[in-house]
file entry-v5.tsv (TSV, C-alpha atoms)
chain	number	residue	atom	x	y	z
L	1	MET	CA	2.34	-14.19	-31.45
L	2	PHE	CA	3.59	-10.80	-32.59
L	3	VAL	CA	2.25	-7.88	-30.56
L	4	LYS	CA	2.94	-4.16	-30.33
L	5	THR	CA	3.59	-2.54	-26.98
L	6	GLU	CA	5.32	0.40	-25.37
L	7	ALA	CA	8.50	-0.46	-23.45
L	8	ILE	CA	11.06	1.10	-21.12
L	9	VAL	CA	14.63	-0.19	-21.38
L	10	LEU	CA	16.02	-1.16	-17.97
L	11	HIS	CA	19.30	-2.87	-18.84
L	12	ALA	CA	21.17	-4.24	-21.84
L	13	LEU	CA	24.34	-6.27	-22.23
L	14	LYS	CA	26.32	-7.94	-24.96
L	15	TYR	CA	25.76	-11.69	-25.28
L	16	GLY	CA	28.49	-13.45	-27.20
L	17	GLU	CA	29.94	-11.76	-30.25
L	18	ARG	CA	26.78	-11.01	-32.19
L	19	GLN	CA	23.85	-10.66	-29.82
L	20	MET	CA	22.42	-8.43	-27.11
L	21	ILE	CA	20.10	-9.22	-24.22
L	22	ALA	CA	17.87	-6.38	-23.07
L	23	ASP	CA	15.52	-6.27	-20.09
L	24	MET	CA	12.48	-4.06	-20.56
L	25	PHE	CA	9.33	-3.18	-18.69
L	26	THR	CA	6.47	-3.26	-21.19
L	27	ARG	CA	3.04	-1.71	-20.89
L	28	GLU	CA	1.08	-4.77	-22.02
L	29	HIS	CA	3.18	-7.70	-20.77
L	30	GLY	CA	5.16	-6.44	-17.78
L	31	ARG	CA	8.82	-7.33	-17.40
L	32	LEU	CA	10.32	-9.14	-20.39
L	33	SER	CA	13.82	-10.08	-21.53
L	34	PHE	CA	14.72	-9.92	-25.22
L	35	ILE	CA	17.53	-11.39	-27.31
L	36	MET	CA	18.44	-9.66	-30.55
L	37	PRO	CA	21.25	-9.32	-33.06
L	38	LEU	CA	23.89	-6.78	-32.10
L	39	PRO	CA	23.13	-3.60	-34.09
L	40	ARG	CA	26.06	-3.06	-36.45
L	41	SER	CA	24.95	-0.15	-38.61
L	42	GLU	CA	22.56	2.78	-38.78
L	43	ARG	CA	20.41	0.72	-41.14
L	44	SER	CA	19.64	-1.86	-38.45
L	45	LYS	CA	15.99	-1.95	-37.44
L	46	LEU	CA	17.04	-1.87	-33.77
L	47	LYS	CA	19.66	0.84	-33.32
L	48	LYS	CA	22.28	0.62	-30.60
L	49	GLN	CA	21.18	3.90	-29.00
L	50	TYR	CA	17.71	2.42	-28.49
L	51	LEU	CA	19.17	0.16	-25.80
L	52	GLN	CA	20.32	2.93	-23.47
L	53	ALA	CA	18.81	2.78	-19.99
L	54	LEU	CA	15.34	4.38	-19.71
L	55	THR	CA	14.87	4.73	-23.47
L	56	LEU	CA	11.14	4.80	-24.26
L	57	LEU	CA	10.27	2.54	-27.18
L	58	GLN	CA	7.38	1.30	-29.26
L	59	ILE	CA	8.23	-2.30	-30.11
L	60	GLU	CA	6.80	-5.18	-32.07
L	61	CYS	CA	7.79	-8.47	-30.50
L	62	ASP	CA	7.06	-12.17	-30.46
L	63	VAL	CA	5.84	-12.94	-26.92
L	64	ARG	CA	5.74	-16.59	-25.92
L	65	GLN	CA	4.83	-17.50	-22.34
L	66	GLN	CA	7.16	-20.48	-22.04
L	67	THR	CA	10.17	-18.63	-23.48
L	68	GLN	CA	12.60	-16.73	-21.25
L	69	LEU	CA	14.14	-14.66	-24.04
L	70	GLN	CA	11.65	-13.04	-26.41
L	71	LYS	CA	12.40	-11.69	-29.88
L	72	ILE	CA	11.89	-8.16	-31.21
L	73	ARG	CA	10.89	-7.68	-34.82
L	74	GLU	CA	11.29	-3.89	-34.86
L	75	ALA	CA	11.48	-0.89	-32.56
L	76	GLN	CA	11.14	2.85	-32.77
L	77	LEU	CA	11.45	5.69	-30.29
L	78	LEU	CA	8.24	6.39	-28.40
L	79	THR	CA	9.48	9.66	-26.92
L	80	PRO	CA	12.97	10.88	-27.87
L	81	LEU	CA	14.96	11.81	-24.76
L	82	HIS	CA	17.33	14.73	-25.26
L	83	ALA	CA	18.61	15.92	-21.89
L	84	ILE	CA	18.97	12.76	-19.80
L	85	TYR	CA	21.95	11.49	-21.79
L	86	CYS	CA	23.65	14.90	-22.10
L	87	ASP	CA	23.29	16.38	-18.62
L	88	ALA	CA	25.70	14.75	-16.14
L	89	LYS	CA	23.32	15.08	-13.17
L	90	LYS	CA	20.32	13.76	-15.07
L	91	LEU	CA	22.40	10.90	-16.45
L	92	SER	CA	23.51	9.88	-12.95
L	93	ILE	CA	19.92	10.00	-11.71
L	94	GLY	CA	18.73	8.11	-14.77
L	95	LEU	CA	21.28	5.32	-14.33
L	96	PHE	CA	20.30	4.96	-10.68
L	97	VAL	CA	16.59	4.87	-11.55
L	98	ALA	CA	17.21	2.24	-14.23
L	99	GLU	CA	19.20	0.05	-11.81
L	100	PHE	CA	16.51	0.50	-9.15
L	101	LEU	CA	13.71	-0.47	-11.56
L	102	TYR	CA	15.72	-3.41	-12.88
L	103	HIS	CA	15.62	-4.98	-9.41
L	104	ALA	CA	12.30	-3.62	-8.10
L	105	LEU	CA	10.37	-4.85	-11.17
L	106	ARG	CA	12.18	-8.18	-11.56
L	107	ASP	CA	8.98	-10.24	-11.40
L	108	GLU	CA	6.44	-7.54	-12.23
L	109	GLN	CA	3.53	-8.63	-14.40
L	110	ARG	CA	1.30	-6.36	-16.50
L	111	ASN	CA	0.80	-3.15	-14.53
L	112	VAL	CA	-0.41	-0.38	-16.82
L	113	PRO	CA	-0.72	2.35	-14.15
L	114	LEU	CA	2.86	1.68	-13.02
L	115	PHE	CA	4.16	1.75	-16.59
L	116	ASP	CA	2.38	5.03	-17.28
L	117	TYR	CA	3.75	6.53	-14.07
L	118	ILE	CA	7.34	5.57	-14.88
L	119	ARG	CA	7.03	6.79	-18.46
L	120	SER	CA	5.66	10.18	-17.36
L	121	ALA	CA	8.40	10.42	-14.70
L	122	VAL	CA	11.16	9.82	-17.26
L	123	GLU	CA	9.63	12.38	-19.61
L	124	TRP	CA	9.37	14.88	-16.75
L	125	LEU	CA	13.04	14.44	-15.80
L	126	ASP	CA	14.15	14.84	-19.41
L	127	GLY	CA	12.21	18.09	-19.77
L	128	ALA	CA	13.03	19.65	-16.38
L	129	ALA	CA	15.28	22.71	-16.54
L	130	ASP	CA	16.09	22.60	-12.81
L	131	GLY	CA	14.55	21.67	-9.47
L	132	PHE	CA	15.02	17.91	-9.93
L	133	ALA	CA	17.39	17.14	-7.04
L	134	ASN	CA	14.66	15.19	-5.20
L	135	PHE	CA	13.45	13.30	-8.30
L	136	HIS	CA	14.79	9.87	-7.33
L	137	LEU	CA	13.33	10.14	-3.82
L	138	VAL	CA	9.86	11.00	-5.11
L	139	LEU	CA	9.98	8.20	-7.67
L	140	LEU	CA	11.00	5.58	-5.10
L	141	MET	CA	8.33	6.72	-2.66
L	142	HIS	CA	5.48	6.72	-5.16
L	143	THR	CA	6.53	3.55	-6.99
L	144	ALA	CA	5.84	1.76	-3.69
L	145	ARG	CA	2.17	2.67	-4.14
L	146	PHE	CA	1.97	0.59	-7.34
L	147	LEU	CA	3.91	-2.30	-5.81
L	148	GLY	CA	1.61	-2.58	-2.81
L	149	PHE	CA	3.59	-1.23	0.15
L	150	TYR	CA	2.98	2.52	0.19
L	151	PRO	CA	2.68	3.83	3.78
L	152	ASN	CA	-0.81	3.34	5.17
L	153	LEU	CA	-2.48	6.76	5.36
L	154	ASP	CA	-5.12	5.49	7.79
L	155	THR	CA	-2.61	5.01	10.59
L	156	SER	CA	-1.13	7.60	12.95
L	157	GLY	CA	1.74	7.88	15.38
L	158	GLU	CA	5.26	9.25	15.67
L	159	TYR	CA	7.05	5.99	14.76
L	160	PHE	CA	7.08	4.25	11.39
L	161	ASP	CA	6.99	0.46	11.12
L	162	LEU	CA	9.00	-0.38	8.00
L	163	ARG	CA	7.69	-3.95	7.84
L	164	ALA	CA	3.98	-3.11	8.17
L	165	ALA	CA	4.27	0.23	6.29
L	166	THR	CA	2.30	1.94	9.04
L	167	PHE	CA	2.77	4.81	11.45
L	168	CYS	CA	2.35	3.77	15.08
L	169	PRO	CA	2.24	5.46	18.51
L	170	ALA	CA	4.97	3.23	20.00
L	171	PRO	CA	7.93	1.24	18.67
L	172	PRO	CA	6.97	-2.21	17.30
L	173	LEU	CA	8.49	-5.38	18.73
L	174	HIS	CA	11.23	-5.65	16.09
L	175	ALA	CA	14.14	-3.55	14.88
L	176	ASP	CA	12.75	-2.46	11.51
L	177	PHE	CA	11.19	0.85	12.45
L	178	LEU	CA	12.01	4.56	12.34
L	179	MET	CA	12.24	6.87	15.31
L	180	PRO	CA	10.02	10.01	15.23
L	181	GLN	CA	12.56	12.29	13.55
L	182	GLU	CA	13.16	9.91	10.66
L	183	ALA	CA	9.50	8.88	10.48
L	184	GLY	CA	8.91	12.57	9.83
L	185	ARG	CA	11.11	12.28	6.75
L	186	ILE	CA	8.69	9.70	5.35
L	187	ARG	CA	5.75	12.02	5.98
L	188	LEU	CA	7.63	14.84	4.28
L	189	LEU	CA	8.40	12.70	1.27
L	190	MET	CA	4.77	11.62	0.94
L	191	ARG	CA	3.86	15.28	0.44
L	192	MET	CA	6.16	15.67	-2.57
L	193	ASP	CA	5.44	15.17	-6.23
L	194	PHE	CA	7.39	16.17	-9.32
L	195	PRO	CA	5.80	19.61	-9.86
L	196	THR	CA	6.16	20.65	-6.19
L	197	MET	CA	9.32	18.88	-5.01
L	198	HIS	CA	11.47	21.96	-5.71
L	199	LEU	CA	9.71	23.61	-2.75
L	200	PHE	CA	11.21	21.08	-0.34
L	201	ARG	CA	14.76	22.15	0.34
L	202	LEU	CA	16.98	19.34	1.57
L	203	SER	CA	20.69	19.31	2.22
L	204	ARG	CA	22.75	16.64	0.52
L	205	THR	CA	23.13	14.91	3.91
L	206	GLU	CA	19.34	14.85	4.41
L	207	ARG	CA	18.71	13.68	0.87
L	208	ASN	CA	21.22	10.85	1.18
L	209	ARG	CA	19.78	9.74	4.50
L	210	ILE	CA	16.27	9.60	3.03
L	211	LEU	CA	17.63	7.55	0.13
L	212	GLU	CA	19.19	5.08	2.59
L	213	LEU	CA	15.85	4.74	4.40
L	214	LEU	CA	13.94	4.16	1.18
L	215	LEU	CA	16.37	1.50	-0.03
L	216	ARG	CA	16.12	-0.24	3.33
L	217	TYR	CA	12.34	-0.10	2.95
L	218	TYR	CA	12.55	-1.75	-0.48
L	219	ARG	CA	14.90	-4.46	0.78
L	220	LEU	CA	12.27	-5.40	3.35
L	221	HIS	CA	9.43	-5.60	0.81
L	222	VAL	CA	11.05	-6.80	-2.44
L	223	PRO	CA	12.63	-10.28	-2.17
L	224	GLY	CA	16.26	-10.31	-3.23
L	225	PHE	CA	16.52	-6.53	-3.58
L	226	PRO	CA	20.30	-5.86	-3.46
L	227	GLU	CA	22.63	-3.04	-2.61
L	228	LEU	CA	22.65	-0.77	-5.66
L	229	ARG	CA	26.01	0.04	-7.24
L	230	SER	CA	24.96	3.46	-8.55
L	231	VAL	CA	24.14	4.86	-5.10
L	232	SER	CA	27.67	6.07	-4.40
L	233	VAL	CA	27.69	8.27	-7.50
L	234	LEU	CA	24.21	9.59	-6.82
L	235	LYS	CA	25.14	10.64	-3.29
L	236	GLU	CA	27.82	13.01	-4.60
L	237	LEU	CA	25.57	14.82	-7.06
L	238	PHE	CA	24.18	17.85	-5.32
L	239	SER	CA	25.91	20.18	-2.88
L	240	GLU	CA	24.28	21.24	0.37
L	241	VAL	CA	20.74	22.63	-0.19
L	242	ARG	CA	21.62	23.90	-3.68
L	243	GLY	CA	20.05	22.19	-6.68
L	244	CYS	CA	16.51	22.27	-5.31
L	245	GLY	CA	15.42	25.87	-5.55
L	246	GLY	CA	12.14	27.23	-4.22
L	247	THR	CA	10.86	27.92	-0.72
L	248	GLU	CA	11.96	25.80	2.20
L	249	VAL	CA	9.23	23.44	3.44
L	250	ARG	CA	9.75	21.12	6.38
L	251	GLU	CA	7.75	19.12	8.84
call {"tool": "encode", "arguments": {"input": "entry-v5.tsv", "output": "structure tokens"}}
result
Amino acid sequence: MFVKTEAIVLHALKYGERQMIADMFTREHGRLSFIMPLPRSERSKLKKQYLQALTLLQIECDVRQQTQLQKIREAQLLTPLHAIYCDAKKLSIGLFVAEFLYHALRDEQRNVPLFDYIRSAVEWLDGAADGFANFHLVLLMHTARFLGFYPNLDTSGEYFDLRAATFCPAPPLHADFLMPQEAGRIRLLMRMDFPTMHLFRLSRTERNRILELLLRYYRLHVPGFPELRSVSVLKELFSEVRGCGGTEVRE
């Protein structure tokens, strides 16, 4: 059955000499994999540049439940992205986000609020002039809300149980928890969103440590979540404190 849906490209690779396989997160059908002819000219209905990571598309596709590789009839840009692929810092963040989503959404079914959140986040990053150094941290933290393991706001305490996603007054009886200082980083991150994150000044060391904690958190809650290859590049992006702008806000 041919259907139309919005889609976010997560990953694409060449398959044989004449085909491409692309993984996308769609608004109406969740995570899908597509096989298509390799675009060879500007006249192709599916242009090669449409398969760049995080490209936002409107597609018409043949979705069959028992088929692993779906087919696309046509595609067009939903929102043209201008800055993400031209700005080196935004490109590095974008490639990390795409790799993160590729693994975090591996088995994700239809989740319209999550799709809308990711789409708006990508559009925000593309349009931001500055103040986006904490973008990937905010996205990881708030994506957990849609996946079902956002920190429980009804709990209190100085420690954070990574398994239970709760704050607690004493360390739990396992090793997957954060001491008070690093639990405070989680609280700090929960206060951020895209419009206000430039107010939270973090050094590169602090930002990288928070990223490590978040990825550890995802590995505990998403089966098979791996070490991400793009992390090493991301960690070198921003110098100490610079790149955030705004007024310093800390716990």
call {"tool": "residues_around", "arguments": {"input": "entry-v5.tsv", "residues": "Leu173 (chain L)", "least_positions_apart": "2", "cutoff": "12 Å", "atoms": "only C-alpha atoms", "output": "number ranges by chain"}}
result
L: 161-164, 168, 170-171, 175-177
call {"tool": "atom_distance", "arguments": {"input": "entry-v5.tsv", "atom1": "CA of His221 (chain L)", "atom2": "CA of Ser92 (chain L)"}}
result
25.0 Å
call {"tool": "residues_around", "arguments": {"input": "entry-v5.tsv", "residues": "region 207-209 of chain L", "least_positions_apart": "3", "cutoff": "8 Å", "atoms": "only C-alpha atoms", "output": "ChimeraX atom specification"}}
result
/L:134,137,202-204,212-213,235
call {"tool": "closest_residue", "arguments": {"input": "entry-v5.tsv", "among": "L:Leu105, L:Ile35, L:Ile118, L:Leu13", "to": "Val63 (chain L)", "atoms": "only C-alpha atoms"}}
result
L:Ile35
call {"tool": "closest_residue", "arguments": {"input": "entry-v5.tsv", "among": "L:Ile8, L:Val97, L:Leu91, L:Leu211", "to": "His29 (chain L)", "atoms": "only C-alpha atoms"}}
result
L:Ile8
call {"tool": "residues_around", "arguments": {"input": "entry-v5.tsv", "residues": "Lys14 (chain L)", "least_positions_apart": "4", "cutoff": "10 Å", "atoms": "only C-alpha atoms", "output": "list of chain:residue names"}}
result
L:Arg18, L:Gln19, L:Met20, L:Ile21, L:Ala22, L:Ile35, L:Met36, L:Pro37, L:Leu38
call {"tool": "atom_distance", "arguments": {"input": "entry-v5.tsv", "atom1": "CA of Ala165 (chain L)", "atom2": "CA of Glu206 (chain L)"}}
result
21.1 Å
